[in-house]
file my_file-v5.pdb (PDB, C-alpha atoms, pLDDT in the B column)
MODEL        1
ATOM      1  CA  MET A   1       0.000   0.000   0.000  1.00 75.00           C
ATOM      2  CA  ALA A   2       1.348   3.459  -0.921  1.00 90.00           C
ATOM      3  CA  PRO A   3       1.621   6.250   1.649  1.00 92.00           C
ATOM      4  CA  ARG A   4      -1.563   8.306   2.094  1.00 95.00           C
ATOM      5  CA  ILE A   5      -2.625  11.475   3.850  1.00 95.00           C
ATOM      6  CA  GLY A   6      -4.599  10.558   6.965  1.00 93.00           C
ATOM      7  CA  GLY A   7      -5.555  14.100   7.887  1.00 95.00           C
ATOM      8  CA  VAL A   8      -4.484  17.723   7.599  1.00 97.00           C
ATOM      9  CA  ARG A   9      -4.423  20.463  10.236  1.00 97.00           C
ATOM     10  CA  LEU A  10      -4.365  24.167   9.306  1.00 96.00           C
ATOM     11  CA  VAL A  11      -1.775  26.081  11.365  1.00 97.00           C
ATOM     12  CA  HIS A  12      -1.849  29.463   9.580  1.00 96.00           C
ATOM     13  CA  GLU A  13      -3.885  31.095   6.834  1.00 95.00           C
ATOM     14  CA  GLY A  14      -2.794  34.320   5.122  1.00 91.00           C
ATOM     15  CA  TRP A  15      -1.257  34.924   1.696  1.00 83.00           C
ATOM     16  CA  ALA A  16      -0.314  31.245   1.909  1.00 89.00           C
ATOM     17  CA  ARG A  17      -1.685  28.478   4.061  1.00 95.00           C
ATOM     18  CA  TYR A  18       0.531  26.359   6.287  1.00 96.00           C
ATOM     19  CA  LEU A  19      -0.625  22.842   7.009  1.00 96.00           C
ATOM     20  CA  VAL A  20       0.540  19.829   8.967  1.00 97.00           C
ATOM     21  CA  ALA A  21      -0.339  16.538   7.314  1.00 96.00           C
ATOM     22  CA  GLU A  22      -0.477  13.177   9.047  1.00 97.00           C
ATOM     23  CA  VAL A  23       0.952  10.647   6.622  1.00 96.00           C
ATOM     24  CA  MET A  24       0.170   6.967   6.914  1.00 95.00           C
ATOM     25  CA  GLN A  25       3.184   5.085   5.557  1.00 95.00           C
ATOM     26  CA  ASP A  26       2.923   1.746   3.796  1.00 92.00           C
ATOM     27  CA  ASP A  27       4.299  -0.099   6.850  1.00 92.00           C
ATOM     28  CA  GLY A  28       1.568   1.381   9.082  1.00 90.00           C
ATOM     29  CA  THR A  29       3.689   4.033  10.819  1.00 95.00           C
ATOM     30  CA  ARG A  30       2.492   7.621  11.043  1.00 96.00           C
ATOM     31  CA  ILE A  31       4.624  10.666  10.382  1.00 96.00           C
ATOM     32  CA  THR A  32       3.854  14.369  10.055  1.00 96.00           C
ATOM     33  CA  ARG A  33       4.902  16.713   7.260  1.00 96.00           C
ATOM     34  CA  GLU A  34       4.579  20.486   7.116  1.00 96.00           C
ATOM     35  CA  MET A  35       3.271  21.971   3.871  1.00 96.00           C
ATOM     36  CA  GLU A  36       3.059  25.490   2.443  1.00 96.00           C
ATOM     37  CA  ASP A  37      -0.028  25.804   0.256  1.00 94.00           C
ATOM     38  CA  HIS A  38      -0.852  28.736  -2.002  1.00 85.00           C
ATOM     39  CA  GLY A  39      -1.872  27.043  -5.207  1.00 86.00           C
ATOM     40  CA  ARG A  40      -0.602  27.102  -8.770  1.00 94.00           C
ATOM     41  CA  ALA A  41       1.679  29.737 -10.256  1.00 97.00           C
ATOM     42  CA  VAL A  42       2.954  30.933 -13.617  1.00 98.00           C
ATOM     43  CA  ALA A  43       6.210  32.444 -14.895  1.00 98.00           C
ATOM     44  CA  VAL A  44       7.471  33.684 -18.255  1.00 98.00           C
ATOM     45  CA  LEU A  45      10.737  34.747 -19.853  1.00 98.00           C
ATOM     46  CA  PRO A  46       9.809  37.475 -22.347  1.00 98.00           C
ATOM     47  CA  TYR A  47      12.547  37.908 -24.953  1.00 98.00           C
ATOM     48  CA  ASP A  48      13.008  40.031 -28.059  1.00 98.00           C
ATOM     49  CA  PRO A  49      14.640  37.811 -30.712  1.00 98.00           C
ATOM     50  CA  VAL A  50      15.515  40.775 -32.948  1.00 98.00           C
ATOM     51  CA  ARG A  51      17.336  42.844 -30.350  1.00 98.00           C
ATOM     52  CA  ARG A  52      18.453  39.737 -28.392  1.00 98.00           C
ATOM     53  CA  VAL A  53      17.284  41.050 -25.029  1.00 98.00           C
ATOM     54  CA  ALA A  54      14.965  39.715 -22.330  1.00 98.00           C
ATOM     55  CA  THR A  55      12.779  41.582 -19.871  1.00 98.00           C
ATOM     56  CA  LEU A  56      13.146  40.615 -16.235  1.00 98.00           C
ATOM     57  CA  VAL A  57      12.057  42.308 -13.030  1.00 97.00           C
ATOM     58  CA  SER A  58      13.339  42.863  -9.535  1.00 94.00           C
ATOM     59  CA  GLN A  59      11.523  43.561  -6.294  1.00 90.00           C
ATOM     60  CA  PHE A  60      11.922  43.150  -2.550  1.00 87.00           C
ATOM     61  CA  ARG A  61      11.958  39.516  -1.416  1.00 88.00           C
ATOM     62  CA  ALA A  62      11.839  39.107   2.373  1.00 89.00           C
ATOM     63  CA  PRO A  63      12.794  35.376   2.378  1.00 90.00           C
ATOM     64  CA  VAL A  64      15.904  36.067   0.299  1.00 91.00           C
ATOM     65  CA  LEU A  65      16.965  38.925   2.577  1.00 91.00           C
ATOM     66  CA  TYR A  66      16.265  36.803   5.678  1.00 92.00           C
ATOM     67  CA  SER A  67      18.421  34.003   4.237  1.00 92.00           C
ATOM     68  CA  GLY A  68      21.423  36.280   3.739  1.00 92.00           C
ATOM     69  CA  GLY A  69      20.762  37.353   0.172  1.00 90.00           C
ATOM     70  CA  PRO A  70      20.208  40.811  -1.237  1.00 89.00           C
ATOM     71  CA  PRO A  71      16.960  42.685  -0.578  1.00 86.00           C
ATOM     72  CA  SER A  72      15.949  42.240  -4.216  1.00 86.00           C
ATOM     73  CA  HIS A  73      17.138  40.161  -7.112  1.00 86.00           C
ATOM     74  CA  VAL A  74      16.506  39.826 -10.820  1.00 94.00           C
ATOM     75  CA  GLU A  75      13.899  37.275 -11.873  1.00 96.00           C
ATOM     76  CA  VAL A  76      11.376  36.531 -14.606  1.00 98.00           C
ATOM     77  CA  PRO A  77       7.831  37.904 -14.229  1.00 97.00           C
ATOM     78  CA  ALA A  78       5.711  35.458 -12.236  1.00 96.00           C
ATOM     79  CA  GLY A  79       2.629  35.251 -10.089  1.00 93.00           C
ATOM     80  CA  LEU A  80      -0.082  33.115  -8.627  1.00 92.00           C
ATOM     81  CA  LEU A  81      -2.685  31.548 -10.835  1.00 90.00           C
ATOM     82  CA  ASP A  82      -6.014  33.138  -9.989  1.00 84.00           C
ATOM     83  CA  ASP A  83      -9.106  31.787 -11.721  1.00 84.00           C
ATOM     84  CA  GLY A  84      -8.009  31.856 -15.362  1.00 89.00           C
ATOM     85  CA  ALA A  85      -6.040  29.584 -17.622  1.00 95.00           C
ATOM     86  CA  PRO A  86      -2.259  29.618 -17.094  1.00 97.00           C
ATOM     87  CA  GLU A  87      -1.759  31.297 -20.490  1.00 97.00           C
ATOM     88  CA  ASP A  88      -4.136  34.140 -19.612  1.00 96.00           C
ATOM     89  CA  GLU A  89      -2.675  34.588 -16.147  1.00 96.00           C
ATOM     90  CA  VAL A  90       0.946  34.708 -17.339  1.00 97.00           C
ATOM     91  CA  ARG A  91       0.014  37.353 -19.917  1.00 97.00           C
ATOM     92  CA  ARG A  92      -1.715  39.385 -17.168  1.00 94.00           C
ATOM     93  CA  GLU A  93       1.310  39.095 -14.860  1.00 93.00           C
ATOM     94  CA  ALA A  94       3.694  40.124 -17.644  1.00 95.00           C
ATOM     95  CA  ALA A  95       1.547  43.159 -18.473  1.00 94.00           C
ATOM     96  CA  GLU A  96       1.307  44.235 -14.819  1.00 92.00           C
ATOM     97  CA  GLU A  97       4.987  43.705 -14.020  1.00 93.00           C
ATOM     98  CA  THR A  98       6.720  44.621 -17.288  1.00 95.00           C
ATOM     99  CA  GLY A  99       4.236  46.588 -19.378  1.00 95.00           C
ATOM    100  CA  LEU A 100       4.546  44.025 -22.185  1.00 97.00           C
ATOM    101  CA  ARG A 101       1.677  42.587 -24.218  1.00 96.00           C
ATOM    102  CA  LEU A 102       2.620  38.971 -24.900  1.00 97.00           C
ATOM    103  CA  GLY A 103       1.274  36.995 -27.831  1.00 94.00           C
ATOM    104  CA  ASP A 104       2.284  33.407 -28.523  1.00 97.00           C
ATOM    105  CA  LEU A 105       3.544  31.417 -25.545  1.00 98.00           C
ATOM    106  CA  ASP A 106       5.884  28.442 -25.638  1.00 98.00           C
ATOM    107  CA  LEU A 107       5.227  26.104 -22.694  1.00 98.00           C
ATOM    108  CA  VAL A 108       8.484  24.821 -21.224  1.00 98.00           C
ATOM    109  CA  ALA A 109       7.118  22.794 -18.307  1.00 98.00           C
ATOM    110  CA  SER A 110       4.467  22.485 -15.643  1.00 97.00           C
ATOM    111  CA  ALA A 111       6.537  21.519 -12.627  1.00 97.00           C
ATOM    112  CA  TRP A 112       6.498  21.299  -8.837  1.00 96.00           C
ATOM    113  CA  THR A 113       8.758  24.068  -7.518  1.00 94.00           C
ATOM    114  CA  MET A 114       9.643  22.626  -4.079  1.00 94.00           C
ATOM    115  CA  PRO A 115       7.914  19.231  -3.745  1.00 93.00           C
ATOM    116  CA  GLY A 116       9.341  18.569  -0.296  1.00 93.00           C
ATOM    117  CA  ILE A 117       7.542  21.522   1.318  1.00 95.00           C
ATOM    118  CA  SER A 118       5.170  23.277  -1.105  1.00 95.00           C
ATOM    119  CA  THR A 119       2.051  22.404  -3.086  1.00 93.00           C
ATOM    120  CA  GLU A 120       3.054  24.971  -5.730  1.00 95.00           C
ATOM    121  CA  ARG A 121       3.038  23.770  -9.315  1.00 96.00           C
ATOM    122  CA  MET A 122       4.297  26.354 -11.799  1.00 97.00           C
ATOM    123  CA  ASP A 123       3.586  26.654 -15.509  1.00 98.00           C
ATOM    124  CA  LEU A 124       6.745  28.036 -17.160  1.00 98.00           C
ATOM    125  CA  PHE A 125       6.672  29.795 -20.533  1.00 98.00           C
ATOM    126  CA  LEU A 126       8.909  31.502 -23.064  1.00 98.00           C
ATOM    127  CA  ALA A 127       7.414  34.395 -25.042  1.00 98.00           C
ATOM    128  CA  ALA A 128       8.917  36.368 -27.898  1.00 98.00           C
ATOM    129  CA  TYR A 129       8.007  40.048 -28.072  1.00 98.00           C
ATOM    130  CA  ALA A 130       8.866  43.112 -30.162  1.00 97.00           C
ATOM    131  CA  GLU A 131       9.489  46.722 -29.155  1.00 94.00           C
ATOM    132  CA  SER A 132       5.946  47.522 -30.327  1.00 95.00           C
ATOM    133  CA  ASP A 133       4.535  45.144 -27.667  1.00 95.00           C
ATOM    134  CA  ARG A 134       5.441  47.554 -24.852  1.00 93.00           C
ATOM    135  CA  THR A 135       2.105  49.047 -23.765  1.00 90.00           C
ATOM    136  CA  GLY A 136       3.110  50.573 -20.427  1.00 82.00           C
ATOM    137  CA  ALA A 137       5.836  51.038 -17.856  1.00 80.00           C
ATOM    138  CA  GLY A 138       5.031  47.953 -15.774  1.00 81.00           C
ATOM    139  CA  GLY A 139       6.006  48.094 -12.130  1.00 73.00           C
ATOM    140  CA  GLY A 140       3.378  45.826 -10.610  1.00 70.00           C
ATOM    141  CA  LEU A 141       0.237  46.688  -8.678  1.00 69.00           C
ATOM    142  CA  ALA A 142       0.544  49.324  -5.974  1.00 67.00           C
ATOM    143  CA  ALA A 143      -2.561  47.866  -4.290  1.00 68.00           C
ATOM    144  CA  GLU A 144      -0.600  44.641  -3.720  1.00 68.00           C
ATOM    145  CA  GLY A 145       2.446  46.459  -2.343  1.00 64.00           C
ATOM    146  CA  GLU A 146       4.474  45.688  -5.438  1.00 72.00           C
ATOM    147  CA  ALA A 147       7.345  47.973  -6.368  1.00 83.00           C
ATOM    148  CA  VAL A 148       8.668  46.158  -9.400  1.00 87.00           C
ATOM    149  CA  ALA A 149      11.675  47.459 -11.321  1.00 93.00           C
ATOM    150  CA  VAL A 150      11.786  46.456 -14.984  1.00 95.00           C
ATOM    151  CA  HIS A 151      15.108  45.453 -16.593  1.00 96.00           C
ATOM    152  CA  GLU A 152      15.721  44.805 -20.277  1.00 97.00           C
ATOM    153  CA  ILE A 153      18.930  42.770 -20.314  1.00 98.00           C
ATOM    154  CA  PRO A 154      20.938  41.509 -23.306  1.00 98.00           C
ATOM    155  CA  LEU A 155      20.772  37.712 -23.563  1.00 98.00           C
ATOM    156  CA  SER A 156      24.583  37.575 -23.556  1.00 98.00           C
ATOM    157  CA  GLU A 157      24.607  39.450 -20.221  1.00 97.00           C
ATOM    158  CA  LEU A 158      22.048  37.019 -18.743  1.00 98.00           C
ATOM    159  CA  VAL A 159      24.353  34.142 -19.640  1.00 98.00           C
ATOM    160  CA  ALA A 160      27.290  36.007 -18.070  1.00 98.00           C
ATOM    161  CA  MET A 161      25.182  36.584 -14.947  1.00 97.00           C
ATOM    162  CA  THR A 162      24.615  32.824 -14.608  1.00 97.00           C
ATOM    163  CA  ARG A 163      28.339  32.161 -14.916  1.00 96.00           C
ATOM    164  CA  ARG A 164      29.230  34.611 -12.161  1.00 96.00           C
ATOM    165  CA  GLY A 165      26.360  33.530  -9.898  1.00 94.00           C
ATOM    166  CA  ALA A 166      24.406  36.777 -10.246  1.00 94.00           C
ATOM    167  CA  LEU A 167      21.201  35.180 -11.558  1.00 95.00           C
ATOM    168  CA  THR A 168      20.040  33.124  -8.575  1.00 94.00           C
ATOM    169  CA  ASP A 169      16.312  32.580  -9.129  1.00 95.00           C
ATOM    170  CA  MET A 170      15.527  28.954 -10.056  1.00 96.00           C
ATOM    171  CA  LYS A 171      12.623  29.654 -12.423  1.00 98.00           C
ATOM    172  CA  SER A 172      14.676  32.301 -14.224  1.00 98.00           C
ATOM    173  CA  LEU A 173      17.627  29.956 -14.625  1.00 98.00           C
ATOM    174  CA  LEU A 174      15.417  27.164 -15.942  1.00 98.00           C
ATOM    175  CA  LEU A 175      13.745  29.442 -18.475  1.00 98.00           C
ATOM    176  CA  LEU A 176      17.032  30.942 -19.642  1.00 98.00           C
ATOM    177  CA  PHE A 177      18.503  27.450 -20.117  1.00 98.00           C
ATOM    178  CA  ALA A 178      15.344  26.397 -22.001  1.00 98.00           C
ATOM    179  CA  LEU A 179      15.679  29.421 -24.293  1.00 98.00           C
ATOM    180  CA  GLN A 180      19.318  28.534 -24.948  1.00 98.00           C
ATOM    181  CA  LEU A 181      18.289  24.975 -25.916  1.00 98.00           C
ATOM    182  CA  ARG A 182      15.306  25.980 -28.051  1.00 98.00           C
ATOM    183  CA  ARG A 183      16.788  29.080 -29.700  1.00 98.00           C
ATOM    184  CA  PRO A 184      20.611  28.650 -29.695  1.00 98.00           C
ATOM    185  CA  GLU A 185      20.972  31.084 -32.579  1.00 98.00           C
ATOM    186  CA  LEU A 186      20.030  33.933 -30.204  1.00 98.00           C
ATOM    187  CA  PHE A 187      23.193  33.253 -28.202  1.00 96.00           C
ATOM    188  CA  ALA A 188      25.652  32.809 -31.112  1.00 91.00           C
TER     189      ALA A 188
ENDMDL
END
call {"tool": "encode", "arguments": {"input": "my_file-v5.pdb", "output": "structure tokens"}}
result
Amino acid sequence: MAPRIGGVRLVHEGWARYLVAEVMQDDGTRITREMEDHGRAVAVLPYDPVRRVATLVSQFRAPVLYSGGPPSHVEVPAGLLDDGAPEDEVRREAAEETGLRLGDLDLVASAWTMPGISTERMDLFLAAYAESDRTGAGGGLAAEGEAVAVHEIPLSELVAMTRRGALTDMKSLLLLFALQLRRPELFA
């Protein structure tokens, strides 16, 4: 018999929910596991294939600062999946954060981000854009306390950032590596 969840206790509910699950193992023993639960998420690496740049963002990240990192770091636009389809939600997030109107999306993966602790499953996309797709300044939603800085970075500089350890966000690294595999001519 495979392990199963015997019950779940809510310990905190806010932006995310924190749960303690009682797991019944296949040998009959019981263990507990803590879980962070906030639902599905989306992320996108918008890139301009003509100018060979990508648009990323930076904003304050309390967990990174708490863990000894900088107060903000560069990452791809991302957000929680509300009620819409992942494709619609990632376009909305990109518009809010970067001011870009995204068209066609290239799905890279739908993957668990931290399966040992979180229920989050993230849909990851690549999206080509042109200069004419900029419809606003971006910056996020003030009502949500977002103060997002928008950065258009040459693809060659993003690669250099990975080599020197300056691009430290997992979803951003994965999407940059996927772009390198799918569109190597952009990095020649």
call {"tool": "residues_around", "arguments": {"input": "my_file-v5.pdb", "residues": "A:Glu75", "least_positions_apart": "2", "cutoff": "8 Å", "atoms": "all atoms listed in the file", "output": "ChimeraX atom specification"}}
result
/A:56-58,73,77,167,169,171-172
call {"tool": "write_last_selection", "arguments": {"input": "my_file-v5.pdb", "atoms": "C-alpha atoms", "output": "CSV table (one decimal), in the frame of the given file"}}
result
chain,number,residue,atom,x,y,z
A,56,LEU,CA,13.1,40.6,-16.2
A,57,VAL,CA,12.1,42.3,-13.0
A,58,SER,CA,13.3,42.9,-9.5
A,73,HIS,CA,17.1,40.2,-7.1
A,77,PRO,CA,7.8,37.9,-14.2
A,167,LEU,CA,21.2,35.2,-11.6
A,169,ASP,CA,16.3,32.6,-9.1
A,171,LYS,CA,12.6,29.7,-12.4
A,172,SER,CA,14.7,32.3,-14.2
call {"tool": "resolve_selection", "arguments": {"input": "my_file-v5.pdb", "expression": "the PyMOL selection byres ((chain A and resi 188) around 12)", "output": "number ranges by chain"}}
result
A: 52, 155-156, 159, 180-181, 183-187
call {"tool": "resolve_selection", "arguments": {"input": "my_file-v5.pdb", "expression": "the PyMOL selection byres ((chain A and resi 18-26) around 9)", "output": "list in words"}}
result
Met1, Ala2, Pro3, Arg4, Ile5, Gly6, Gly7, Val8, Arg9, Leu10, Val11, His12, Glu13, Gly14, Ala16, Arg17, Asp27, Gly28, Thr29, Arg30, Ile31, Thr32, Arg33, Glu34, Met35, Glu36, Asp37 and His38 of chain A
call {"tool": "closest_residue", "arguments": {"input": "my_file-v5.pdb", "among": "A:Leu100, A:Ala166, A:Val50, A:Leu45", "to": "A:Pro70", "atoms": "all atoms listed in the file"}}
result
A:Ala166
call {"tool": "residues_around", "arguments": {"input": "my_file-v5.pdb", "residues": "A:Asp83", "least_positions_apart": "2", "cutoff": "12 Å", "atoms": "only C-alpha atoms", "output": "CSV table (one decimal) with C-alpha atoms, keeping the file's coordinate frame"}}
result
chain,number,residue,atom,x,y,z
A,39,GLY,CA,-1.9,27.0,-5.2
A,40,ARG,CA,-0.6,27.1,-8.8
A,41,ALA,CA,1.7,29.7,-10.3
A,80,LEU,CA,-0.1,33.1,-8.6
A,81,LEU,CA,-2.7,31.5,-10.8
A,85,ALA,CA,-6.0,29.6,-17.6
A,86,PRO,CA,-2.3,29.6,-17.1
A,87,GLU,CA,-1.8,31.3,-20.5
A,88,ASP,CA,-4.1,34.1,-19.6
A,89,GLU,CA,-2.7,34.6,-16.1
A,90,VAL,CA,0.9,34.7,-17.3
A,92,ARG,CA,-1.7,39.4,-17.2
call {"tool": "atom_distance", "arguments": {"input": "my_file-v5.pdb", "atom1": "atom CA of A:Met161", "atom2": "atom CA of A:Thr119"}}
result
29.6 Å
call {"tool": "resolve_selection", "arguments": {"input": "my_file-v5.pdb", "expression": "the PyMOL selection byres ((chain A and resi 94) around 10)", "output": "compact mmCIF listing (two decimals) with C-alpha atoms, in the coordinates of the input"}}
result
# COMPACT_ATOMS: atom_id res chain seq x y z
CA ALA A 43 6.21 32.44 -14.90
CA VAL A 44 7.47 33.68 -18.26
CA LEU A 45 10.74 34.75 -19.85
CA PRO A 46 9.81 37.48 -22.35
CA THR A 55 12.78 41.58 -19.87
CA LEU A 56 13.15 40.62 -16.24
CA VAL A 57 12.06 42.31 -13.03
CA VAL A 76 11.38 36.53 -14.61
CA PRO A 77 7.83 37.90 -14.23
CA ALA A 78 5.71 35.46 -12.24
CA GLY A 79 2.63 35.25 -10.09
CA GLU A 89 -2.68 34.59 -16.15
CA VAL A 90 0.95 34.71 -17.34
CA ARG A 91 0.01 37.35 -19.92
CA ARG A 92 -1.72 39.38 -17.17
CA GLU A 93 1.31 39.10 -14.86
CA ALA A 95 1.55 43.16 -18.47
CA GLU A 96 1.31 44.24 -14.82
CA GLU A 97 4.99 43.70 -14.02
CA THR A 98 6.72 44.62 -17.29
CA GLY A 99 4.24 46.59 -19.38
CA LEU A 100 4.55 44.02 -22.18
CA ARG A 101 1.68 42.59 -24.22
CA LEU A 102 2.62 38.97 -24.90
CA GLY A 138 5.03 47.95 -15.77
CA GLY A 139 6.01 48.09 -12.13
CA GLY A 140 3.38 45.83 -10.61
call {"tool": "closest_residue", "arguments": {"input": "my_file-v5.pdb", "among": "A:Leu176, A:Leu65, A:Met114, A:Asp82", "to": "A:Pro154", "atoms": "all atoms listed in the file"}}
result
A:Leu176
call {"tool": "decode", "arguments": {"input": "my_file-v5.pdb", "residues": "stretch 155-181 of chain A", "atoms": "N, CA and C atoms", "output": "CSV table (one decimal), in the first residue's frame"}}
result
chain,number,residue,atom,x,y,z
A,155,LEU,N,20.7,39.1,-23.8
A,155,LEU,CA,20.8,37.7,-23.6
A,155,LEU,C,22.2,37.3,-23.2
A,156,SER,N,23.2,37.9,-23.9
A,156,SER,CA,24.6,37.6,-23.6
A,156,SER,C,24.9,38.0,-22.1
A,157,GLU,N,24.4,39.0,-21.6
A,157,GLU,CA,24.6,39.4,-20.2
A,157,GLU,C,23.9,38.5,-19.3
A,158,LEU,N,22.7,38.0,-19.6
A,158,LEU,CA,22.0,37.0,-18.7
A,158,LEU,C,22.9,35.8,-18.6
A,159,VAL,N,23.5,35.3,-19.7
A,159,VAL,CA,24.4,34.1,-19.6
A,159,VAL,C,25.6,34.4,-18.7
A,160,ALA,N,26.1,35.6,-18.9
A,160,ALA,CA,27.3,36.0,-18.1
A,160,ALA,C,26.9,36.1,-16.6
A,161,MET,N,25.7,36.5,-16.3
A,161,MET,CA,25.2,36.6,-14.9
A,161,MET,C,25.1,35.2,-14.3
A,162,THR,N,24.7,34.2,-15.1
A,162,THR,CA,24.6,32.8,-14.6
A,162,THR,C,26.0,32.3,-14.3
A,163,ARG,N,27.0,32.6,-15.1
A,163,ARG,CA,28.3,32.2,-14.9
A,163,ARG,C,29.0,32.7,-13.7
A,164,ARG,N,28.6,34.0,-13.4
A,164,ARG,CA,29.2,34.6,-12.2
A,164,ARG,C,28.3,34.5,-10.9
A,165,GLY,N,27.2,33.8,-11.0
A,165,GLY,CA,26.4,33.5,-9.9
A,165,GLY,C,25.5,34.7,-9.5
A,166,ALA,N,25.2,35.6,-10.5
A,166,ALA,CA,24.4,36.8,-10.2
A,166,ALA,C,22.9,36.6,-10.6
A,167,LEU,N,22.6,35.5,-11.3
A,167,LEU,CA,21.2,35.2,-11.6
A,167,LEU,C,20.9,34.0,-10.7
A,168,THR,N,20.2,34.2,-9.6
A,168,THR,CA,20.0,33.1,-8.6
A,168,THR,C,18.6,32.6,-8.4
A,169,ASP,N,17.7,33.0,-9.2
A,169,ASP,CA,16.3,32.6,-9.1
A,169,ASP,C,16.1,31.3,-10.0
A,170,MET,N,15.6,30.2,-9.4
A,170,MET,CA,15.5,29.0,-10.1
A,170,MET,C,14.7,29.0,-11.3
A,171,LYS,N,13.5,29.6,-11.2
A,171,LYS,CA,12.6,29.7,-12.4
A,171,LYS,C,13.3,30.4,-13.6
A,172,SER,N,14.0,31.5,-13.2
A,172,SER,CA,14.7,32.3,-14.2
A,172,SER,C,15.8,31.5,-14.9
A,173,LEU,N,16.6,30.8,-14.1
A,173,LEU,CA,17.6,30.0,-14.6
A,173,LEU,C,17.1,28.9,-15.6
A,174,LEU,N,16.0,28.2,-15.1
A,174,LEU,CA,15.4,27.2,-15.9
A,174,LEU,C,14.9,27.7,-17.3
A,175,LEU,N,14.3,28.9,-17.2
A,175,LEU,CA,13.7,29.4,-18.5
A,175,LEU,C,14.9,29.9,-19.4
A,176,LEU,N,15.9,30.5,-18.8
A,176,LEU,CA,17.0,30.9,-19.6
A,176,LEU,C,17.7,29.7,-20.3
A,177,PHE,N,17.9,28.7,-19.6
A,177,PHE,CA,18.5,27.5,-20.1
A,177,PHE,C,17.6,26.9,-21.2
A,178,ALA,N,16.3,26.9,-21.0
A,178,ALA,CA,15.3,26.4,-22.0
A,178,ALA,C,15.4,27.2,-23.3
A,179,LEU,N,15.5,28.6,-23.1
A,179,LEU,CA,15.7,29.4,-24.3
A,179,LEU,C,17.0,29.1,-25.0
A,180,GLN,N,18.0,28.9,-24.3
A,180,GLN,CA,19.3,28.5,-24.9
A,180,GLN,C,19.2,27.2,-25.7
A,181,LEU,N,18.5,26.3,-25.2
A,181,LEU,CA,18.3,25.0,-25.9
A,181,LEU,C,17.4,25.1,-27.1
